[in-house]
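Raw contents of start.pdb, PDB, C-alpha atoms, pLDDT in the B column:
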ATOM      1  CA  MET A 173     -31.569 -61.171  -0.947  1.00 46.00           C
ATOM      2  CA  THR A 174     -33.257 -59.509   1.993  1.00 48.00           C
ATOM      3  CA  ILE A 175     -32.281 -56.085   3.241  1.00 46.00           C
ATOM      4  CA  GLY A 176     -31.455 -56.010   6.916  1.00 47.00           C
ATOM      5  CA  TRP A 177     -31.469 -52.984   9.179  1.00 43.00           C
ATOM      6  CA  VAL A 178     -27.798 -52.190   8.519  1.00 37.00           C
ATOM      7  CA  GLU A 179     -28.113 -51.342   4.808  1.00 43.00           C
ATOM      8  CA  PRO A 180     -30.775 -48.617   5.180  1.00 38.00           C
ATOM      9  CA  LEU A 181     -28.834 -47.158   8.092  1.00 36.00           C
ATOM     10  CA  LEU A 182     -25.633 -47.002   6.029  1.00 36.00           C
ATOM     11  CA  LEU A 183     -27.497 -45.451   3.102  1.00 35.00           C
ATOM     12  CA  SER A 184     -29.052 -42.812   5.368  1.00 37.00           C
ATOM     13  CA  GLY A 185     -25.651 -41.962   6.822  1.00 40.00           C
ATOM     14  CA  ALA A 186     -24.070 -41.684   3.376  1.00 38.00           C
ATOM     15  CA  LEU A 187     -26.843 -39.391   2.138  1.00 35.00           C
ATOM     16  CA  LEU A 188     -26.485 -37.203   5.222  1.00 35.00           C
ATOM     17  CA  LEU A 189     -22.725 -36.884   4.697  1.00 37.00           C
ATOM     18  CA  MET A 190     -23.164 -36.012   1.025  1.00 36.00           C
ATOM     19  CA  SER A 191     -25.707 -33.316   1.827  1.00 35.00           C
ATOM     20  CA  GLY A 192     -23.051 -31.199   3.575  1.00 37.00           C
ATOM     21  CA  PRO A 193     -23.427 -29.138   6.738  1.00 41.00           C
ATOM     22  CA  VAL A 194     -26.939 -28.672   8.020  1.00 42.00           C
ATOM     23  CA  TYR A 195     -26.462 -24.901   8.227  1.00 49.00           C
ATOM     24  CA  ALA A 196     -23.881 -23.609   5.798  1.00 58.00           C
ATOM     25  CA  GLN A 197     -24.584 -20.245   4.243  1.00 89.00           C
ATOM     26  CA  THR A 198     -22.881 -16.908   3.913  1.00 93.00           C
ATOM     27  CA  LEU A 199     -24.844 -13.821   4.780  1.00 95.00           C
ATOM     28  CA  ARG A 200     -23.716 -10.664   2.992  1.00 97.00           C
ATOM     29  CA  GLY A 201     -24.806  -7.284   4.223  1.00 97.00           C
ATOM     30  CA  THR A 202     -24.102  -4.147   6.216  1.00 97.00           C
ATOM     31  CA  VAL A 203     -23.621  -3.898   9.967  1.00 98.00           C
ATOM     32  CA  THR A 204     -26.377  -1.575  11.195  1.00 97.00           C
ATOM     33  CA  ARG A 205     -25.969  -1.976  14.954  1.00 98.00           C
ATOM     34  CA  VAL A 206     -23.515  -3.329  17.524  1.00 98.00           C
ATOM     35  CA  SER A 207     -25.166  -4.743  20.642  1.00 96.00           C
ATOM     36  CA  ASP A 208     -21.941  -5.575  22.467  1.00 97.00           C
ATOM     37  CA  GLY A 209     -18.413  -6.786  21.769  1.00 98.00           C
ATOM     38  CA  ASP A 210     -19.521 -10.034  20.154  1.00 97.00           C
ATOM     39  CA  THR A 211     -23.008  -9.353  18.760  1.00 97.00           C
ATOM     40  CA  VAL A 212     -23.950  -7.262  15.728  1.00 98.00           C
ATOM     41  CA  TRP A 213     -26.983  -6.724  13.502  1.00 98.00           C
ATOM     42  CA  VAL A 214     -26.461  -7.196   9.758  1.00 97.00           C
ATOM     43  CA  ARG A 215     -28.933  -5.934   7.141  1.00 97.00           C
ATOM     44  CA  PRO A 216     -28.760  -8.418   4.254  1.00 96.00           C
ATOM     45  CA  ASP A 217     -27.893  -7.050   0.823  1.00 95.00           C
ATOM     46  CA  ASP A 218     -31.460  -7.915  -0.135  1.00 84.00           C
ATOM     47  CA  SER A 219     -32.803  -4.691   1.449  1.00 70.00           C
ATOM     48  CA  ASN A 220     -36.318  -6.130   1.731  1.00 81.00           C
ATOM     49  CA  ARG A 221     -35.194  -8.241   4.683  1.00 86.00           C
ATOM     50  CA  LYS A 222     -34.849  -7.080   8.278  1.00 93.00           C
ATOM     51  CA  PRO A 223     -31.423  -6.987   9.961  1.00 95.00           C
ATOM     52  CA  VAL A 224     -30.234 -10.317  11.356  1.00 96.00           C
ATOM     53  CA  LYS A 225     -28.739 -10.604  14.845  1.00 97.00           C
ATOM     54  CA  VAL A 226     -25.306 -12.270  14.590  1.00 98.00           C
ATOM     55  CA  ARG A 227     -23.217 -13.703  17.436  1.00 97.00           C
ATOM     56  CA  LEU A 228     -19.535 -13.739  16.467  1.00 98.00           C
ATOM     57  CA  GLN A 229     -18.182 -17.261  16.488  1.00 97.00           C
ATOM     58  CA  GLY A 230     -14.895 -17.943  18.241  1.00 97.00           C
ATOM     59  CA  ILE A 231     -14.796 -15.000  20.651  1.00 98.00           C
ATOM     60  CA  ASP A 232     -16.325 -14.052  23.980  1.00 97.00           C
ATOM     61  CA  ALA A 233     -16.291 -10.337  24.770  1.00 98.00           C
ATOM     62  CA  PRO A 234     -17.027  -8.775  28.162  1.00 98.00           C
ATOM     63  CA  GLU A 235     -20.699  -8.171  28.925  1.00 96.00           C
ATOM     64  CA  ARG A 236     -21.876  -4.544  28.590  1.00 95.00           C
ATOM     65  CA  CYS A 237     -22.392  -4.280  32.372  1.00 96.00           C
ATOM     66  CA  GLN A 238     -18.937  -5.703  33.096  1.00 97.00           C
ATOM     67  CA  ALA A 239     -15.568  -3.968  33.199  1.00 97.00           C
ATOM     68  CA  TRP A 240     -14.231  -3.588  29.632  1.00 98.00           C
ATOM     69  CA  GLY A 241     -17.691  -4.277  28.158  1.00 98.00           C
ATOM     70  CA  ALA A 242     -18.282  -0.726  26.930  1.00 97.00           C
ATOM     71  CA  GLN A 243     -14.776  -0.566  25.434  1.00 98.00           C
ATOM     72  CA  ALA A 244     -15.294  -3.864  23.583  1.00 98.00           C
ATOM     73  CA  ALA A 245     -18.608  -2.672  22.120  1.00 98.00           C
ATOM     74  CA  GLN A 246     -17.086   0.676  21.161  1.00 98.00           C
ATOM     75  CA  ALA A 247     -14.105  -0.997  19.465  1.00 98.00           C
ATOM     76  CA  LEU A 248     -16.326  -3.308  17.426  1.00 98.00           C
ATOM     77  CA  SER A 249     -18.592  -0.368  16.514  1.00 98.00           C
ATOM     78  CA  ALA A 250     -15.651   1.706  15.310  1.00 98.00           C
ATOM     79  CA  ARG A 251     -14.419  -1.156  13.144  1.00 98.00           C
ATOM     80  CA  ALA A 252     -17.669  -2.663  11.842  1.00 98.00           C
ATOM     81  CA  LEU A 253     -20.579  -0.207  11.991  1.00 98.00           C
ATOM     82  CA  GLN A 254     -21.902   0.658   8.510  1.00 98.00           C
ATOM     83  CA  GLN A 255     -19.321  -1.666   6.925  1.00 98.00           C
ATOM     84  CA  HIS A 256     -20.205  -4.267   4.321  1.00 98.00           C
ATOM     85  CA  VAL A 257     -19.439  -7.711   5.755  1.00 98.00           C
ATOM     86  CA  LEU A 258     -19.572 -11.415   5.060  1.00 98.00           C
ATOM     87  CA  VAL A 259     -20.917 -13.749   7.734  1.00 98.00           C
ATOM     88  CA  PRO A 260     -20.024 -17.403   7.138  1.00 97.00           C
ATOM     89  CA  ALA A 261     -22.862 -18.816   9.247  1.00 95.00           C
ATOM     90  CA  ARG A 262     -22.541 -21.975  11.338  1.00 93.00           C
ATOM     91  CA  GLY A 263     -25.990 -22.232  12.922  1.00 94.00           C
ATOM     92  CA  ARG A 264     -28.092 -20.584  15.607  1.00 95.00           C
ATOM     93  CA  ASP A 265     -27.590 -20.360  19.350  1.00 92.00           C
ATOM     94  CA  ALA A 266     -30.122 -20.928  22.120  1.00 91.00           C
ATOM     95  CA  HIS A 267     -31.174 -17.251  21.860  1.00 87.00           C
ATOM     96  CA  GLY A 268     -31.976 -17.517  18.147  1.00 90.00           C
ATOM     97  CA  ARG A 269     -28.942 -15.516  17.041  1.00 91.00           C
ATOM     98  CA  LEU A 270     -27.129 -16.531  13.882  1.00 96.00           C
ATOM     99  CA  ILE A 271     -23.647 -17.779  14.803  1.00 97.00           C
ATOM    100  CA  GLY A 272     -20.852 -17.069  12.378  1.00 97.00           C
ATOM    101  CA  GLY A 273     -17.663 -15.297  11.542  1.00 97.00           C
ATOM    102  CA  LEU A 274     -17.571 -11.624  10.672  1.00 98.00           C
ATOM    103  CA  GLN A 275     -15.348 -10.525   7.807  1.00 98.00           C
ATOM    104  CA  LEU A 276     -14.884  -7.178   6.130  1.00 98.00           C
ATOM    105  CA  ASP A 277     -14.915  -7.121   2.331  1.00 96.00           C
ATOM    106  CA  ASN A 278     -11.097  -7.083   2.371  1.00 96.00           C
ATOM    107  CA  GLY A 279     -11.168 -10.470   4.142  1.00 96.00           C
ATOM    108  CA  GLU A 280     -10.203  -9.191   7.596  1.00 98.00           C
ATOM    109  CA  ASP A 281     -11.586 -11.447  10.337  1.00 98.00           C
ATOM    110  CA  LEU A 282     -13.092  -9.129  12.962  1.00 98.00           C
ATOM    111  CA  GLY A 283     -13.175 -11.870  15.610  1.00 98.00           C
ATOM    112  CA  ALA A 284      -9.411 -12.237  15.249  1.00 98.00           C
ATOM    113  CA  TRP A 285      -9.030  -8.446  15.360  1.00 98.00           C
ATOM    114  CA  MET A 286     -11.066  -8.200  18.592  1.00 98.00           C
ATOM    115  CA  VAL A 287      -8.859 -10.771  20.342  1.00 98.00           C
ATOM    116  CA  ARG A 288      -5.580  -9.435  18.897  1.00 98.00           C
ATOM    117  CA  GLU A 289      -6.403  -5.907  20.111  1.00 98.00           C
ATOM    118  CA  GLY A 290      -7.393  -7.121  23.596  1.00 98.00           C
ATOM    119  CA  HIS A 291     -11.158  -6.545  23.373  1.00 98.00           C
ATOM    120  CA  ALA A 292     -12.253 -10.193  23.685  1.00 98.00           C
ATOM    121  CA  TRP A 293     -11.137 -13.665  24.687  1.00 98.00           C
ATOM    122  CA  SER A 294     -10.770 -16.598  22.341  1.00 98.00           C
ATOM    123  CA  ALA A 295     -13.908 -18.628  23.070  1.00 95.00           C
ATOM    124  CA  ARG A 296     -13.000 -21.835  24.853  1.00 88.00           C
ATOM    125  CA  PHE A 297     -14.881 -25.065  24.314  1.00 83.00           C
ATOM    126  CA  HIS A 298     -14.308 -27.734  26.932  1.00 84.00           C
ATOM    127  CA  ARG A 299     -10.521 -28.210  26.944  1.00 85.00           C
ATOM    128  CA  HIS A 300      -9.968 -26.554  23.559  1.00 89.00           C
ATOM    129  CA  PRO A 301      -8.493 -23.041  23.965  1.00 89.00           C
ATOM    130  CA  GLY A 302     -10.463 -21.641  21.027  1.00 94.00           C
ATOM    131  CA  PRO A 303      -9.600 -20.566  17.502  1.00 96.00           C
ATOM    132  CA  TYR A 304      -7.784 -17.389  18.494  1.00 98.00           C
ATOM    133  CA  ALA A 305      -5.717 -18.762  21.402  1.00 97.00           C
ATOM    134  CA  ALA A 306      -2.387 -17.724  19.853  1.00 98.00           C
ATOM    135  CA  LEU A 307      -3.661 -14.174  19.271  1.00 98.00           C
ATOM    136  CA  GLN A 308      -4.872 -14.073  22.874  1.00 98.00           C
ATOM    137  CA  ARG A 309      -1.439 -15.164  24.154  1.00 97.00           C
ATOM    138  CA  ASP A 310       0.189 -12.397  22.085  1.00 98.00           C
ATOM    139  CA  ALA A 311      -2.300  -9.758  23.304  1.00 98.00           C
ATOM    140  CA  ARG A 312      -1.784 -10.871  26.915  1.00 97.00           C
ATOM    141  CA  ALA A 313       2.018 -10.752  26.529  1.00 98.00           C
ATOM    142  CA  ALA A 314       1.782  -7.256  24.997  1.00 98.00           C
ATOM    143  CA  ARG A 315      -0.755  -6.220  27.705  1.00 98.00           C
ATOM    144  CA  ARG A 316      -3.194  -4.910  25.087  1.00 98.00           C
ATOM    145  CA  GLY A 317      -6.675  -3.762  26.077  1.00 98.00           C
ATOM    146  CA  LEU A 318      -8.317  -5.818  28.797  1.00 98.00           C
ATOM    147  CA  PHE A 319      -5.236  -8.039  29.039  1.00 98.00           C
ATOM    148  CA  ALA A 320      -3.441  -5.118  30.686  1.00 98.00           C
ATOM    149  CA  ASP A 321      -5.838  -5.555  33.630  1.00 97.00           C
ATOM    150  CA  ALA A 322      -4.678  -8.440  35.836  1.00 95.00           C
ATOM    151  CA  GLY A 323      -8.166  -8.471  37.396  1.00 95.00           C
ATOM    152  CA  ALA A 324     -10.090  -8.782  34.117  1.00 97.00           C
ATOM    153  CA  VAL A 325     -12.775 -11.458  34.496  1.00 96.00           C
ATOM    154  CA  GLU A 326     -13.638 -13.778  31.639  1.00 96.00           C
ATOM    155  CA  PRO A 327     -17.241 -13.235  30.467  1.00 96.00           C
ATOM    156  CA  TRP A 328     -18.241 -16.859  31.092  1.00 94.00           C
ATOM    157  CA  VAL A 329     -17.075 -16.500  34.717  1.00 95.00           C
ATOM    158  CA  PHE A 330     -18.871 -13.149  35.055  1.00 96.00           C
ATOM    159  CA  ARG A 331     -22.146 -14.612  33.715  1.00 95.00           C
ATOM    160  CA  ARG A 332     -21.903 -17.579  36.073  1.00 95.00           C
ATOM    161  CA  GLN A 333     -21.396 -15.231  39.068  1.00 95.00           C
ATOM    162  CA  HIS A 334     -23.782 -12.387  38.115  1.00 94.00           C
ATOM    163  CA  GLY A 335     -26.097 -13.693  35.419  1.00 90.00           C
ATOM    164  CA  PRO A 336     -26.748 -11.788  32.202  1.00 84.00           C
ATOM    165  CA  CYS A 337     -26.831  -7.993  32.042  1.00 87.00           C
ATOM    166  CA  SER A 338     -30.357  -6.633  32.223  1.00 76.00           C
TER     167      SER A 338
END
As structure tokens, the full file:
Amino acid sequence: MTIGWVEPLLLSGALLLMSGPVYAQTLRGTVTRVSDGDTVWVRPDDSNRKPVKVRLQGIDAPERCQAWGAQAAQALSARALQQHVLVPARGRDAHGRLIGGLQLDNGEDLGAWMVREGHAWSARFHRHPGPYAALQRDARAARRGLFADAGAVEPWVFRRQHGPCS
């Protein structure tokens, strides 16, 4: 029996599926710095390693140079700075930042907290409203944080109009 091109292709696909996600790890460490409302630096528990820049998955917070940007960064700092966290990582973005969730040791999801308290938007992807859409609707209805400002501009719109903060 000869092996055609289909069999090796199927075998390769099966092996790839069995190997699991390409980037699935959980970083454990302490938040040492907050860059803005959706980016932190985490020093891994292995203290010999340098802090890792982490972009919170599922949220988009105002840019630092944008209205509500300083408040978002301050809120995340107050909640996360010097706290031990878990970062279920999902990969890296175009800027080299680790992308992942951010959870306190008690299991609290800080991305969810940022949206619920009105410090960030649920990150949209194409037509999908994002993982925290229900929390965003509740925060908007309660007029919490930036959702109290009818003129608040989504960060992705701000970046498209003004570019990144320098």
Using all atoms of region 232-239 of chain A listed in the file and a margin of 8 Å per side, can you give the axis-aligned box centre and edge lengths in Å to one decimal, as AutoDock Vina command-line options?
--center_x -19.0 --center_y -9.0 --center_z 28.6 --size_x 22.8 --size_y 26.1 --size_z 25.2
Exercise. May I ask which of the residues A:Val224, A:Val212, A:Ala242, A:Val259 is the closest one to Leu199 (chain A), counting all atoms listed in the file?
Key: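 Ranking A:Val224, A:Val212, A:Ala242, A:Val259 by distance to Leu199 (chain A), first place goes to A:Val259.
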Exercise. Evaluate the PyMOL selection byres ((chain A and resi 292-305) around 12) and record the selected residues as JSON, numbers by chain, following the chain and residue labels used in the document.
Key: {"A": [208, 209, 210, 211, 227, 228, 229, 230, 231, 232, 233, 234, 235, 239, 240, 241, 242, 243, 244, 245, 247, 248, 273, 281, 282, 283, 284, 285, 286, 287, 288, 289, 290, 291, 306, 307, 308, 309, 310, 311, 312, 316, 317, 318, 319, 324, 325, 326, 327, 328, 329]}
Starting from the shown file, work through the PyMOL selection byres ((chain A and resi 336) around 10) and note down what comes out as a PDB file with C-alpha atoms, in the coordinates of the input.
ATOM      1  CA  GLU A 235     -20.699  -8.171  28.925  1.00 96.00           C
ATOM      2  CA  ARG A 236     -21.876  -4.544  28.590  1.00 95.00           C
ATOM      3  CA  CYS A 237     -22.392  -4.280  32.372  1.00 96.00           C
ATOM      4  CA  GLN A 238     -18.937  -5.703  33.096  1.00 97.00           C
ATOM      5  CA  PRO A 327     -17.241 -13.235  30.467  1.00 96.00           C
ATOM      6  CA  TRP A 328     -18.241 -16.859  31.092  1.00 94.00           C
ATOM      7  CA  PHE A 330     -18.871 -13.149  35.055  1.00 96.00           C
ATOM      8  CA  ARG A 331     -22.146 -14.612  33.715  1.00 95.00           C
ATOM      9  CA  ARG A 332     -21.903 -17.579  36.073  1.00 95.00           C
ATOM     10  CA  GLN A 333     -21.396 -15.231  39.068  1.00 95.00           C
ATOM     11  CA  HIS A 334     -23.782 -12.387  38.115  1.00 94.00           C
ATOM     12  CA  GLY A 335     -26.097 -13.693  35.419  1.00 90.00           C
ATOM     13  CA  CYS A 337     -26.831  -7.993  32.042  1.00 87.00           C
ATOM     14  CA  SER A 338     -30.357  -6.633  32.223  1.00 76.00           C
TER      15      SER A 338
END
Quiz prompt | Residues selected by the PyMOL selection byres ((chain A and resi 264) around 12), written as a count of residues only | solution = 21
Quiz prompt | Spatial neighbours of Asp217 (chain A), 8 Å, all atoms listed in the file, chain gap at least 5 places, as number ranges by chain | solution = A: 200-202
